[in-house]
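Enquirer: Pasting entry_36.tsv below, which is TSV, N, CA and C atoms.
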chain	number	residue	atom	x	y	z
A	1	MET	N	-14.78	-6.16	-9.05
A	1	MET	CA	-13.61	-5.67	-8.34
A	1	MET	C	-13.46	-6.47	-7.05
A	2	LYS	N	-12.25	-6.90	-6.80
A	2	LYS	CA	-11.92	-7.64	-5.57
A	2	LYS	C	-11.52	-6.63	-4.50
A	3	VAL	N	-12.09	-6.74	-3.31
A	3	VAL	CA	-11.81	-5.81	-2.21
A	3	VAL	C	-11.21	-6.59	-1.04
A	4	PHE	N	-10.09	-6.08	-0.55
A	4	PHE	CA	-9.44	-6.63	0.65
A	4	PHE	C	-9.43	-5.51	1.68
A	5	HIS	N	-9.75	-5.83	2.94
A	5	HIS	CA	-9.73	-4.78	3.96
A	5	HIS	C	-9.39	-5.36	5.32
A	6	ASP	N	-8.83	-4.51	6.17
A	6	ASP	CA	-8.53	-4.94	7.52
A	6	ASP	C	-9.81	-4.89	8.35
A	7	ASP	N	-9.70	-5.15	9.65
A	7	ASP	CA	-10.89	-5.25	10.51
A	7	ASP	C	-11.48	-3.91	10.93
A	8	GLY	N	-10.87	-2.81	10.54
A	8	GLY	CA	-11.43	-1.49	10.83
A	8	GLY	C	-11.13	-0.94	12.21
A	9	LYS	N	-10.20	-1.54	12.93
A	9	LYS	CA	-9.89	-1.07	14.28
A	9	LYS	C	-8.98	0.16	14.30
A	10	GLY	N	-8.26	0.41	13.20
A	10	GLY	CA	-7.41	1.58	13.13
A	10	GLY	C	-6.04	1.42	13.76
A	11	SER	N	-5.62	0.21	14.05
A	11	SER	CA	-4.31	-0.03	14.63
A	11	SER	C	-3.27	-0.11	13.51
A	12	THR	N	-2.23	0.71	13.62
A	12	THR	CA	-1.18	0.72	12.60
A	12	THR	C	-0.54	-0.66	12.48
A	13	ASP	N	-0.12	-1.23	13.59
A	13	ASP	CA	0.55	-2.54	13.54
A	13	ASP	C	-0.35	-3.61	12.94
A	14	GLU	N	-1.64	-3.60	13.28
A	14	GLU	CA	-2.57	-4.60	12.73
A	14	GLU	C	-2.76	-4.41	11.23
A	15	SER	N	-2.83	-3.16	10.78
A	15	SER	CA	-2.99	-2.90	9.35
A	15	SER	C	-1.75	-3.34	8.57
A	16	VAL	N	-0.57	-3.03	9.09
A	16	VAL	CA	0.67	-3.45	8.42
A	16	VAL	C	0.76	-4.97	8.41
A	17	GLU	N	0.43	-5.60	9.52
A	17	GLU	CA	0.47	-7.07	9.59
A	17	GLU	C	-0.53	-7.68	8.60
A	18	PHE	N	-1.73	-7.10	8.52
A	18	PHE	CA	-2.74	-7.58	7.56
A	18	PHE	C	-2.17	-7.52	6.14
A	19	PHE	N	-1.57	-6.37	5.78
A	19	PHE	CA	-1.02	-6.21	4.44
A	19	PHE	C	0.13	-7.18	4.18
A	20	GLU	N	0.99	-7.34	5.18
A	20	GLU	CA	2.14	-8.23	5.04
A	20	GLU	C	1.68	-9.67	4.79
A	21	LYS	N	0.61	-10.09	5.45
A	21	LYS	CA	0.07	-11.45	5.25
A	21	LYS	C	-0.65	-11.57	3.91
A	22	LEU	N	-1.26	-10.48	3.44
A	22	LEU	CA	-1.98	-10.48	2.17
A	22	LEU	C	-1.04	-10.45	0.97
A	23	LEU	N	0.10	-9.83	1.10
A	23	LEU	CA	1.01	-9.59	-0.02
A	23	LEU	C	1.41	-10.85	-0.79
A	24	PRO	N	1.74	-11.97	-0.14
A	24	PRO	CA	2.07	-13.16	-0.93
A	24	PRO	C	0.93	-13.61	-1.85
A	25	GLU	N	-0.31	-13.53	-1.38
A	25	GLU	CA	-1.46	-13.88	-2.21
A	25	GLU	C	-1.57	-12.91	-3.39
A	26	LEU	N	-1.38	-11.64	-3.12
A	26	LEU	CA	-1.44	-10.65	-4.20
A	26	LEU	C	-0.35	-10.92	-5.24
A	27	ARG	N	0.85	-11.18	-4.77
A	27	ARG	CA	1.97	-11.43	-5.69
A	27	ARG	C	1.74	-12.70	-6.51
A	28	GLU	N	1.18	-13.73	-5.88
A	28	GLU	CA	0.89	-14.98	-6.59
A	28	GLU	C	-0.07	-14.72	-7.75
A	29	ARG	N	-0.93	-13.74	-7.59
A	29	ARG	CA	-1.90	-13.40	-8.63
A	29	ARG	C	-1.42	-12.27	-9.53
A	30	GLY	N	-0.10	-11.98	-9.49
A	30	GLY	CA	0.46	-11.00	-10.39
A	30	GLY	C	0.07	-9.57	-10.09
A	31	PHE	N	-0.13	-9.27	-8.83
A	31	PHE	CA	-0.58	-7.93	-8.43
A	31	PHE	C	0.34	-6.84	-8.97
A	32	ARG	N	-0.28	-5.81	-9.55
A	32	ARG	CA	0.43	-4.60	-9.96
A	32	ARG	C	-0.29	-3.41	-9.36
A	33	PRO	N	0.39	-2.67	-8.47
A	33	PRO	CA	-0.24	-1.47	-7.92
A	33	PRO	C	-0.36	-0.39	-8.98
A	34	ILE	N	-1.44	0.38	-8.92
A	34	ILE	CA	-1.66	1.48	-9.86
A	34	ILE	C	-1.58	2.81	-9.13
A	35	GLU	N	-2.35	2.93	-8.05
A	35	GLU	CA	-2.38	4.20	-7.33
A	35	GLU	C	-2.76	3.97	-5.87
A	36	LEU	N	-2.10	4.72	-5.00
A	36	LEU	CA	-2.41	4.71	-3.58
A	36	LEU	C	-2.97	6.08	-3.21
A	37	SER	N	-4.14	6.08	-2.60
A	37	SER	CA	-4.74	7.32	-2.08
A	37	SER	C	-4.67	7.27	-0.57
A	38	LEU	N	-4.12	8.33	0.02
A	38	LEU	CA	-4.01	8.44	1.47
A	38	LEU	C	-4.73	9.68	1.94
A	39	ASP	N	-5.44	9.56	3.04
A	39	ASP	CA	-6.13	10.69	3.65
A	39	ASP	C	-5.97	10.63	5.15
A	40	PHE	N	-5.94	11.80	5.74
A	40	PHE	CA	-5.77	11.89	7.18
A	40	PHE	C	-7.06	11.57	7.93
A	41	GLY	N	-8.23	11.93	7.38
A	41	GLY	CA	-9.45	11.88	8.18
A	41	GLY	C	-10.53	10.92	7.75
A	42	ARG	N	-10.21	9.81	7.08
A	42	ARG	CA	-11.23	8.84	6.69
A	42	ARG	C	-11.05	7.56	7.48
A	43	LEU	N	-12.12	6.78	7.60
A	43	LEU	CA	-12.00	5.48	8.27
A	43	LEU	C	-10.98	4.61	7.53
A	44	TYR	N	-11.21	4.37	6.24
A	44	TYR	CA	-10.23	3.65	5.43
A	44	TYR	C	-9.33	4.70	4.79
A	45	SER	N	-8.32	5.09	5.53
A	45	SER	CA	-7.45	6.20	5.13
A	45	SER	C	-6.40	5.79	4.10
A	46	PHE	N	-6.27	4.49	3.84
A	46	PHE	CA	-5.30	3.92	2.89
A	46	PHE	C	-6.10	3.13	1.86
A	47	GLU	N	-6.00	3.54	0.60
A	47	GLU	CA	-6.76	2.90	-0.47
A	47	GLU	C	-5.81	2.62	-1.63
A	48	LEU	N	-5.41	1.36	-1.78
A	48	LEU	CA	-4.46	0.96	-2.81
A	48	LEU	C	-5.21	0.27	-3.94
A	49	LEU	N	-5.22	0.89	-5.11
A	49	LEU	CA	-5.87	0.33	-6.29
A	49	LEU	C	-4.82	-0.42	-7.11
A	50	GLY	N	-5.19	-1.59	-7.60
A	50	GLY	CA	-4.27	-2.37	-8.42
A	50	GLY	C	-5.03	-3.33	-9.31
A	51	VAL	N	-4.29	-4.20	-9.99
A	51	VAL	CA	-4.90	-5.23	-10.83
A	51	VAL	C	-4.31	-6.59	-10.45
A	52	LEU	N	-5.14	-7.62	-10.62
A	52	LEU	CA	-4.77	-9.02	-10.35
A	52	LEU	C	-5.15	-9.88	-11.55
A	53	ARG	N	-4.43	-10.99	-11.74
A	53	ARG	CA	-4.89	-12.00	-12.69
A	53	ARG	C	-6.08	-12.70	-12.05
A	54	ARG	N	-7.09	-12.99	-12.83
A	54	ARG	CA	-8.26	-13.70	-12.29
A	54	ARG	C	-7.90	-15.13	-11.89
A	55	ASP	N	-7.05	-15.78	-12.68
A	55	ASP	CA	-6.66	-17.16	-12.41
A	55	ASP	C	-5.16	-17.19	-12.11
A	56	PRO	N	-4.77	-17.35	-10.84
A	56	PRO	CA	-3.35	-17.33	-10.50
A	56	PRO	C	-2.54	-18.46	-11.13
A	57	ALA	N	-3.21	-19.49	-11.64
A	57	ALA	CA	-2.49	-20.63	-12.21
A	57	ALA	C	-2.07	-20.37	-13.66
A	58	THR	N	-2.48	-19.25	-14.22
A	58	THR	CA	-2.13	-18.98	-15.62
A	58	THR	C	-1.33	-17.69	-15.73
A	59	PRO	N	-0.01	-17.76	-15.44
A	59	PRO	CA	0.84	-16.57	-15.56
A	59	PRO	C	0.80	-16.00	-16.97
A	60	GLY	N	0.85	-14.69	-17.06
A	60	GLY	CA	0.89	-14.03	-18.34
A	60	GLY	C	-0.47	-13.83	-18.98
A	61	THR	N	-1.52	-14.33	-18.35
A	61	THR	CA	-2.85	-14.18	-18.92
A	61	THR	C	-3.27	-12.71	-18.93
A	62	LEU	N	-4.08	-12.35	-19.88
A	62	LEU	CA	-4.58	-10.98	-19.97
A	62	LEU	C	-5.91	-10.83	-19.24
A	63	ASP	N	-6.40	-11.91	-18.66
A	63	ASP	CA	-7.67	-11.87	-17.95
A	63	ASP	C	-7.42	-11.32	-16.54
A	64	ILE	N	-7.62	-10.02	-16.36
A	64	ILE	CA	-7.31	-9.38	-15.09
A	64	ILE	C	-8.56	-8.73	-14.51
A	65	GLU	N	-8.49	-8.45	-13.23
A	65	GLU	CA	-9.56	-7.73	-12.56
A	65	GLU	C	-8.96	-6.68	-11.64
A	66	ASP	N	-9.71	-5.61	-11.44
A	66	ASP	CA	-9.28	-4.56	-10.52
A	66	ASP	C	-9.39	-5.07	-9.10
A	67	CYS	N	-8.55	-4.53	-8.24
A	67	CYS	CA	-8.67	-4.83	-6.82
A	67	CYS	C	-8.32	-3.57	-6.03
A	68	VAL	N	-8.77	-3.56	-4.79
A	68	VAL	CA	-8.46	-2.46	-3.90
A	68	VAL	C	-8.17	-3.02	-2.52
A	69	VAL	N	-7.16	-2.46	-1.88
A	69	VAL	CA	-6.82	-2.81	-0.50
A	69	VAL	C	-7.14	-1.60	0.36
A	70	LEU	N	-8.01	-1.78	1.35
A	70	LEU	CA	-8.44	-0.71	2.25
A	70	LEU	C	-7.92	-0.98	3.65
A	71	LEU	N	-7.23	0.02	4.22
A	71	LEU	CA	-6.67	-0.14	5.56
A	71	LEU	C	-7.03	1.06	6.42
A	72	THR	N	-7.19	0.81	7.72
A	72	THR	CA	-7.61	1.87	8.63
A	72	THR	C	-6.50	2.43	9.50
A	73	GLY	N	-5.41	1.71	9.68
A	73	GLY	CA	-4.40	2.13	10.66
A	73	GLY	C	-3.18	2.81	10.07
A	74	VAL	N	-3.20	3.05	8.77
A	74	VAL	CA	-2.08	3.73	8.11
A	74	VAL	C	-2.63	4.93	7.35
A	75	ASN	N	-1.87	6.03	7.36
A	75	ASN	CA	-2.39	7.26	6.78
A	75	ASN	C	-1.24	8.19	6.44
A	76	CYS	N	-1.49	9.49	6.49
A	76	CYS	CA	-0.48	10.49	6.13
A	76	CYS	C	-0.78	11.78	6.88
A	77	GLY	N	0.17	12.73	6.77
A	77	GLY	CA	-0.11	14.08	7.23
A	77	GLY	C	0.48	14.49	8.57
A	78	TYR	N	1.28	13.66	9.19
A	78	TYR	CA	1.92	14.02	10.46
A	78	TYR	C	3.08	13.06	10.71
A	79	SER	N	3.89	13.36	11.68
A	79	SER	CA	4.97	12.44	12.06
A	79	SER	C	4.47	11.57	13.18
A	80	GLY	N	4.19	10.32	12.87
A	80	GLY	CA	3.66	9.42	13.88
A	80	GLY	C	3.49	8.03	13.35
A	81	ALA	N	2.79	7.20	14.11
A	81	ALA	CA	2.67	5.77	13.79
A	81	ALA	C	1.95	5.51	12.48
A	82	GLY	N	0.87	6.22	12.19
A	82	GLY	CA	0.10	5.98	10.96
A	82	GLY	C	0.94	6.18	9.70
A	83	PRO	N	1.58	7.35	9.53
A	83	PRO	CA	2.44	7.54	8.37
A	83	PRO	C	3.65	6.59	8.36
A	84	ASP	N	4.20	6.26	9.52
A	84	ASP	CA	5.29	5.30	9.56
A	84	ASP	C	4.82	3.94	9.04
A	85	GLY	N	3.59	3.56	9.36
A	85	GLY	CA	3.02	2.32	8.83
A	85	GLY	C	2.89	2.37	7.31
A	86	THR	N	2.50	3.53	6.78
A	86	THR	CA	2.41	3.69	5.33
A	86	THR	C	3.78	3.47	4.69
A	87	VAL	N	4.82	4.05	5.28
A	87	VAL	CA	6.19	3.89	4.76
A	87	VAL	C	6.60	2.42	4.84
A	88	ARG	N	6.22	1.72	5.91
A	88	ARG	CA	6.54	0.29	6.01
A	88	ARG	C	5.87	-0.50	4.89
A	89	ILE	N	4.63	-0.15	4.55
A	89	ILE	CA	3.93	-0.84	3.46
A	89	ILE	C	4.58	-0.51	2.12
A	90	LEU	N	4.99	0.73	1.92
A	90	LEU	CA	5.72	1.08	0.69
A	90	LEU	C	7.00	0.26	0.58
A	91	ALA	N	7.67	0.03	1.70
A	91	ALA	CA	8.88	-0.81	1.70
A	91	ALA	C	8.51	-2.25	1.34
A	92	LEU	N	7.42	-2.76	1.88
A	92	LEU	CA	6.98	-4.12	1.54
A	92	LEU	C	6.70	-4.24	0.04
A	93	LEU	N	6.04	-3.25	-0.53
A	93	LEU	CA	5.77	-3.26	-1.96
A	93	LEU	C	7.06	-3.25	-2.77
A	94	ASN	N	8.11	-2.73	-2.17
A	94	ASN	CA	9.42	-2.66	-2.79
A	94	ASN	C	10.22	-3.95	-2.58
A	95	GLY	N	9.61	-4.95	-1.91
A	95	GLY	CA	10.27	-6.22	-1.69
A	95	GLY	C	11.20	-6.26	-0.50
A	96	VAL	N	11.04	-5.34	0.44
A	96	VAL	CA	11.95	-5.21	1.58
A	96	VAL	C	11.38	-5.92	2.80
A	97	ASP	N	12.24	-6.61	3.54
A	97	ASP	CA	11.86	-7.22	4.81
A	97	ASP	C	11.85	-6.11	5.86
A	98	ILE	N	10.70	-5.74	6.35
A	98	ILE	CA	10.59	-4.61	7.28
A	98	ILE	C	10.96	-4.97	8.71
A	99	HIS	N	11.28	-6.24	8.95
A	99	HIS	CA	11.61	-6.66	10.31
A	99	HIS	C	13.11	-6.68	10.58
A	100	HIS	N	13.90	-6.53	9.54
A	100	HIS	CA	15.35	-6.58	9.68
A	100	HIS	C	15.98	-5.48	8.83
A	101	GLY	N	17.01	-4.89	9.32
A	101	GLY	CA	17.75	-3.92	8.51
A	101	GLY	C	17.10	-2.56	8.47
A	102	GLN	N	17.62	-1.76	7.59
A	102	GLN	CA	17.18	-0.37	7.47
A	102	GLN	C	16.20	-0.23	6.32
A	103	TYR	N	14.94	-0.61	6.53
A	103	TYR	CA	13.97	-0.56	5.44
A	103	TYR	C	13.71	0.86	4.96
A	104	LEU	N	13.93	1.86	5.81
A	104	LEU	CA	13.69	3.24	5.40
A	104	LEU	C	14.59	3.66	4.25
A	105	THR	N	15.76	3.05	4.15
A	105	THR	CA	16.67	3.42	3.07
A	105	THR	C	16.17	2.92	1.72
A	106	ARG	N	15.15	2.06	1.71
A	106	ARG	CA	14.61	1.50	0.47
A	106	ARG	C	13.36	2.23	0.00
A	107	VAL	N	12.96	3.29	0.72
A	107	VAL	CA	11.83	4.12	0.31
A	107	VAL	C	12.37	5.53	0.10
A	108	ASP	N	12.10	6.08	-1.08
A	108	ASP	CA	12.59	7.40	-1.45
A	108	ASP	C	12.31	8.44	-0.35
A	109	ARG	N	13.31	9.22	-0.01
A	109	ARG	CA	13.17	10.21	1.08
A	109	ARG	C	12.11	11.26	0.78
A	110	ASP	N	12.02	11.69	-0.47
A	110	ASP	CA	10.99	12.67	-0.83
A	110	ASP	C	9.59	12.08	-0.66
A	111	LEU	N	9.45	10.80	-0.97
A	111	LEU	CA	8.18	10.12	-0.79
A	111	LEU	C	7.84	10.00	0.69
A	112	GLN	N	8.83	9.65	1.51
A	112	GLN	CA	8.62	9.60	2.96
A	112	GLN	C	8.18	10.96	3.50
A	113	GLU	N	8.84	12.01	3.05
A	113	GLU	CA	8.50	13.37	3.50
A	113	GLU	C	7.07	13.73	3.10
A	114	ALA	N	6.67	13.38	1.89
A	114	ALA	CA	5.31	13.66	1.44
A	114	ALA	C	4.29	12.91	2.30
A	115	VAL	N	4.59	11.65	2.63
A	115	VAL	CA	3.67	10.86	3.47
A	115	VAL	C	3.50	11.53	4.84
A	116	ARG	N	4.57	12.08	5.36
A	116	ARG	CA	4.50	12.68	6.70
A	116	ARG	C	3.97	14.11	6.70
A	117	SER	N	4.01	14.80	5.56
A	117	SER	CA	3.63	16.21	5.56
A	117	SER	C	2.29	16.52	4.90
A	118	GLU	N	1.83	15.68	3.99
A	118	GLU	CA	0.60	15.96	3.24
A	118	GLU	C	-0.60	15.26	3.89
A	119	ARG	N	-1.69	15.99	4.10
A	119	ARG	CA	-2.89	15.41	4.70
A	119	ARG	C	-3.72	14.60	3.70
A	120	HIS	N	-3.55	14.88	2.43
A	120	HIS	CA	-4.19	14.14	1.34
A	120	HIS	C	-3.10	13.91	0.30
A	121	LEU	N	-2.90	12.65	-0.09
A	121	LEU	CA	-1.78	12.34	-0.97
A	121	LEU	C	-2.16	11.19	-1.89
A	122	ARG	N	-1.76	11.31	-3.15
A	122	ARG	CA	-1.86	10.21	-4.10
A	122	ARG	C	-0.45	9.80	-4.47
A	123	ILE	N	-0.25	8.50	-4.57
A	123	ILE	CA	1.04	7.96	-5.01
A	123	ILE	C	0.77	7.12	-6.25
A	124	ASP	N	1.41	7.50	-7.34
A	124	ASP	CA	1.22	6.87	-8.63
A	124	ASP	C	2.30	5.80	-8.84
A	125	PHE	N	1.87	4.58	-9.21
A	125	PHE	CA	2.79	3.47	-9.45
A	125	PHE	C	2.88	3.13	-10.94
A	126	LYS	N	2.21	3.87	-11.80
A	126	LYS	CA	2.08	3.48	-13.20
A	126	LYS	C	3.41	3.37	-13.93
A	127	MET	N	4.41	4.14	-13.55
A	127	MET	CA	5.70	4.10	-14.22
A	127	MET	C	6.65	3.07	-13.57
A	128	GLY	N	6.13	2.27	-12.64
A	128	GLY	CA	6.93	1.24	-12.00
A	128	GLY	C	7.62	1.67	-10.72
A	129	VAL	N	7.72	2.97	-10.51
A	129	VAL	CA	8.34	3.53	-9.30
A	129	VAL	C	7.31	4.44	-8.64
A	130	PRO	N	7.08	4.29	-7.34
A	130	PRO	CA	6.07	5.15	-6.70
A	130	PRO	C	6.47	6.62	-6.75
A	131	LYS	N	5.51	7.47	-7.15
A	131	LYS	CA	5.75	8.90	-7.26
A	131	LYS	C	4.61	9.66	-6.58
A	132	ALA	N	4.94	10.55	-5.68
A	132	ALA	CA	3.93	11.34	-4.97
A	132	ALA	C	3.30	12.35	-5.92
A	133	ILE	N	1.97	12.43	-5.88
A	133	ILE	CA	1.22	13.43	-6.60
A	133	ILE	C	0.60	14.34	-5.54
A	134	LEU	N	1.16	15.52	-5.35
A	134	LEU	CA	0.70	16.41	-4.29
A	134	LEU	C	-0.59	17.09	-4.70
A	135	SER	N	-1.48	17.30	-3.72
A	135	SER	CA	-2.78	17.93	-3.98
A	135	SER	C	-2.63	19.40	-4.25
Have the structure of the file written as structure tokens, please.

Expert:
Amino acid sequence: MKVFHDDGKGSTDESVEFFEKLLPELRERGFRPIELSLDFGRLYSFELLGVLRRDPATPGTLDIEDCVVLLTGVNCGYSGAGPDGTVRILALLNGVDIHHGQYLTRVDRDLQEAVRSERHLRIDFKMGVPKAILS
């Protein structure tokens, strides 16, 4: 399993920036998100499980490996910077430029509400569209 993680400082902006810089590499390797686990009270409060092609030079290959992205500065369960960072990352996964325009309109409102209200949340990507799985 391939593991990517931020520096552990817990800064929302640093975690979002880390993910934004990592995303092109993930996409080059055919990254497909499977499930996002969010928790209010863990060091790595953002845990995104997905799959990657082992060899980015061979599109369509079935040779894949699991990967996980661990972040400390994004989370859920309140209205504040951490959950807002989670919503920004969901927008990035949706192909949205978070630096221009209204990126919030590209993330489902029910999903945004779940990120801000649930202290423990799973988001399922298996059907191609992120769906909140409430605890």

Enquirer: Residues at most 10 Å from A:Ala114, counting only C-alpha atoms, excluding those fewer than 4 positions away in the same chain, as a list in words?

Expert: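 Near A:Ala114, the qualifying residues are Cys76, Gly77, Tyr78, Pro83, Arg109, Asp110, Glu118, Arg119, His120, Leu121, Arg122, Ile123, Lys131, Ala132, Ile133 and Leu134 of chain A.
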
Enquirer: Deliver the residues from the most recent selection as a file, using N, CA and C atoms, as a PDB file, in the frame of the given file.

Expert:
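Result went into again.pdb, see below:
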ATOM      1  N   CYS A  76      -1.490   9.490   6.490  1.00  0.00           N
ATOM      2  CA  CYS A  76      -0.480  10.490   6.130  1.00  0.00           C
ATOM      3  C   CYS A  76      -0.780  11.780   6.880  1.00  0.00           C
ATOM      4  N   GLY A  77       0.170  12.730   6.770  1.00  0.00           N
ATOM      5  CA  GLY A  77      -0.110  14.080   7.230  1.00  0.00           C
ATOM      6  C   GLY A  77       0.480  14.490   8.570  1.00  0.00           C
ATOM      7  N   TYR A  78       1.280  13.660   9.190  1.00  0.00           N
ATOM      8  CA  TYR A  78       1.920  14.020  10.460  1.00  0.00           C
ATOM      9  C   TYR A  78       3.080  13.060  10.710  1.00  0.00           C
ATOM     10  N   PRO A  83       1.580   7.350   9.530  1.00  0.00           N
ATOM     11  CA  PRO A  83       2.440   7.540   8.370  1.00  0.00           C
ATOM     12  C   PRO A  83       3.650   6.590   8.360  1.00  0.00           C
ATOM     13  N   ARG A 109      13.310   9.220  -0.010  1.00  0.00           N
ATOM     14  CA  ARG A 109      13.170  10.210   1.080  1.00  0.00           C
ATOM     15  C   ARG A 109      12.110  11.260   0.780  1.00  0.00           C
ATOM     16  N   ASP A 110      12.020  11.690  -0.470  1.00  0.00           N
ATOM     17  CA  ASP A 110      10.990  12.670  -0.830  1.00  0.00           C
ATOM     18  C   ASP A 110       9.590  12.080  -0.660  1.00  0.00           C
ATOM     19  N   GLU A 118       1.830  15.680   3.990  1.00  0.00           N
ATOM     20  CA  GLU A 118       0.600  15.960   3.240  1.00  0.00           C
ATOM     21  C   GLU A 118      -0.600  15.260   3.890  1.00  0.00           C
ATOM     22  N   ARG A 119      -1.690  15.990   4.100  1.00  0.00           N
ATOM     23  CA  ARG A 119      -2.890  15.410   4.700  1.00  0.00           C
ATOM     24  C   ARG A 119      -3.720  14.600   3.700  1.00  0.00           C
ATOM     25  N   HIS A 120      -3.550  14.880   2.430  1.00  0.00           N
ATOM     26  CA  HIS A 120      -4.190  14.140   1.340  1.00  0.00           C
ATOM     27  C   HIS A 120      -3.100  13.910   0.300  1.00  0.00           C
ATOM     28  N   LEU A 121      -2.900  12.650  -0.090  1.00  0.00           N
ATOM     29  CA  LEU A 121      -1.780  12.340  -0.970  1.00  0.00           C
ATOM     30  C   LEU A 121      -2.160  11.190  -1.890  1.00  0.00           C
ATOM     31  N   ARG A 122      -1.760  11.310  -3.150  1.00  0.00           N
ATOM     32  CA  ARG A 122      -1.860  10.210  -4.100  1.00  0.00           C
ATOM     33  C   ARG A 122      -0.450   9.800  -4.470  1.00  0.00           C
ATOM     34  N   ILE A 123      -0.250   8.500  -4.570  1.00  0.00           N
ATOM     35  CA  ILE A 123       1.040   7.960  -5.010  1.00  0.00           C
ATOM     36  C   ILE A 123       0.770   7.120  -6.250  1.00  0.00           C
ATOM     37  N   LYS A 131       5.510   7.470  -7.150  1.00  0.00           N
ATOM     38  CA  LYS A 131       5.750   8.900  -7.260  1.00  0.00           C
ATOM     39  C   LYS A 131       4.610   9.660  -6.580  1.00  0.00           C
ATOM     40  N   ALA A 132       4.940  10.550  -5.680  1.00  0.00           N
ATOM     41  CA  ALA A 132       3.930  11.340  -4.970  1.00  0.00           C
ATOM     42  C   ALA A 132       3.300  12.350  -5.920  1.00  0.00           C
ATOM     43  N   ILE A 133       1.970  12.430  -5.880  1.00  0.00           N
ATOM     44  CA  ILE A 133       1.220  13.430  -6.600  1.00  0.00           C
ATOM     45  C   ILE A 133       0.600  14.340  -5.540  1.00  0.00           C
ATOM     46  N   LEU A 134       1.160  15.520  -5.350  1.00  0.00           N
ATOM     47  CA  LEU A 134       0.700  16.410  -4.290  1.00  0.00           C
ATOM     48  C   LEU A 134      -0.590  17.090  -4.700  1.00  0.00           C
TER      49      LEU A 134
END

Enquirer: Kindly indicate which residue among A:Leu22, A:Ile34, A:Ile98, A:Val3 lies nearest to A:Leu70, using all atoms listed in the file for the distances.

Expert: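 Of all the options, A:Val3 lies closest to A:Leu70.
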
Enquirer: State, in Å with one decimal place, the distance from atom N of A:Ser37 to atom N of A:Asp55.

Expert: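 Interatomic distance, atom N of A:Ser37 to atom N of A:Asp55: 24.2 Å.
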
Enquirer: So that I can see what lies close to A:Arg54, please list as a list of chain:residue names the residues with an atom at most 6 Å from it, counting only N, CA and C atoms and leaving out residues fewer than 2 positions away in the same chain.

Expert: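 My list of contacting residues is A:Leu52, A:Pro56, A:Asp63, A:Ile64, A:Glu65.
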
Enquirer: Write out as a list in words each polymer residue whose atoms come within 9 Å of stretch 10-19 of chain A, counting only C-alpha atoms; drop sequence neighbours fewer than 2 positions from it.

Expert: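 So, after excluding close chain neighbours, the residues are His5, Asp6, Asp7, Gly8, Lys21, Leu22, Leu23, Leu43, Tyr44, Val69, Leu71, Thr72, Gly73, Val74, Asn75, Ala81, Gly82, Pro83, Asp84, Gly85, Thr86, Arg88, Ile89 and Leu92 of chain A.
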
Enquirer: Determine which residues of stretch 4-104 of chain A DSSP labels as helix (DSSP H, G or I) from the backbone of this structure, then write them out as JSON, numbers by chain.

Expert: {"A": [12, 13, 14, 15, 16, 17, 18, 19, 20, 21, 22, 23, 24, 25, 26, 27, 28, 81, 82, 83, 84, 85, 86, 87, 88, 89, 90, 91, 92, 93, 103, 104]}

Enquirer: Taking only C-alpha atoms into account, name the residue in A:Lys9, A:Arg116, A:Lys2, A:His99 that is nearest to A:Val51.

Expert: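 Closest residue, counting only C-alpha atoms: A:Lys2.
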
Enquirer: List the spatial neighbours of A:Asp108 as a ChimeraX atom specification - criterion: any atom at most 10 Å away, only C-alpha atoms, same-chain residues fewer than 3 positions off excluded.

Expert: /A:87,90-91,104-105,111-113,129-131

Enquirer: If I take atom N of A:Leu26 and atom C of A:Gly95, how far is one from the other in Å, to one decimal?

Expert: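 A separation of 13.9 Å between them.
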
Enquirer: Could you tell me how far atom CA of A:Gly50 sits from atom N of A:Phe31, in Å to one decimal place?

Expert: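 If I compute the distance from atom N of A:Phe31 to atom CA of A:Gly50, I get 8.1 Å.
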
Enquirer: Kindly indicate which residue among A:Val68, A:Leu93, A:Val107, A:Leu48 lies nearest to A:Glu20, using only C-alpha atoms for the distances.

Expert: A:Leu93

Enquirer: Would you please give, as a ChimeraX atom specification, all residues of chain A that DSSP assigns to strand (DSSP E or B) based on the backbone?

Expert: /A:2-5,32-39,46-53,64-71,120-124,131-134

Enquirer: Nearest residue to A:Arg106 out of A:Gly128, A:Cys67, A:Asn94, A:Pro24, using only C-alpha atoms?

Expert: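 Checking each of A:Gly128, A:Cys67, A:Asn94, A:Pro24 against A:Arg106, counting only C-alpha atoms, the winner is A:Asn94.
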
Enquirer: Using all atoms of stretch 35-53 of chain A listed in the file and a margin of 4 Å per side, can you give the axis-aligned box centre and edge lengths in Å to one decimal, as lines of an AutoDock Vina configuration file?

Expert:
center_x = -7.1
center_y = -0.4
center_z = -2.2
size_x = 18.0
size_y = 32.6
size_z = 29.0
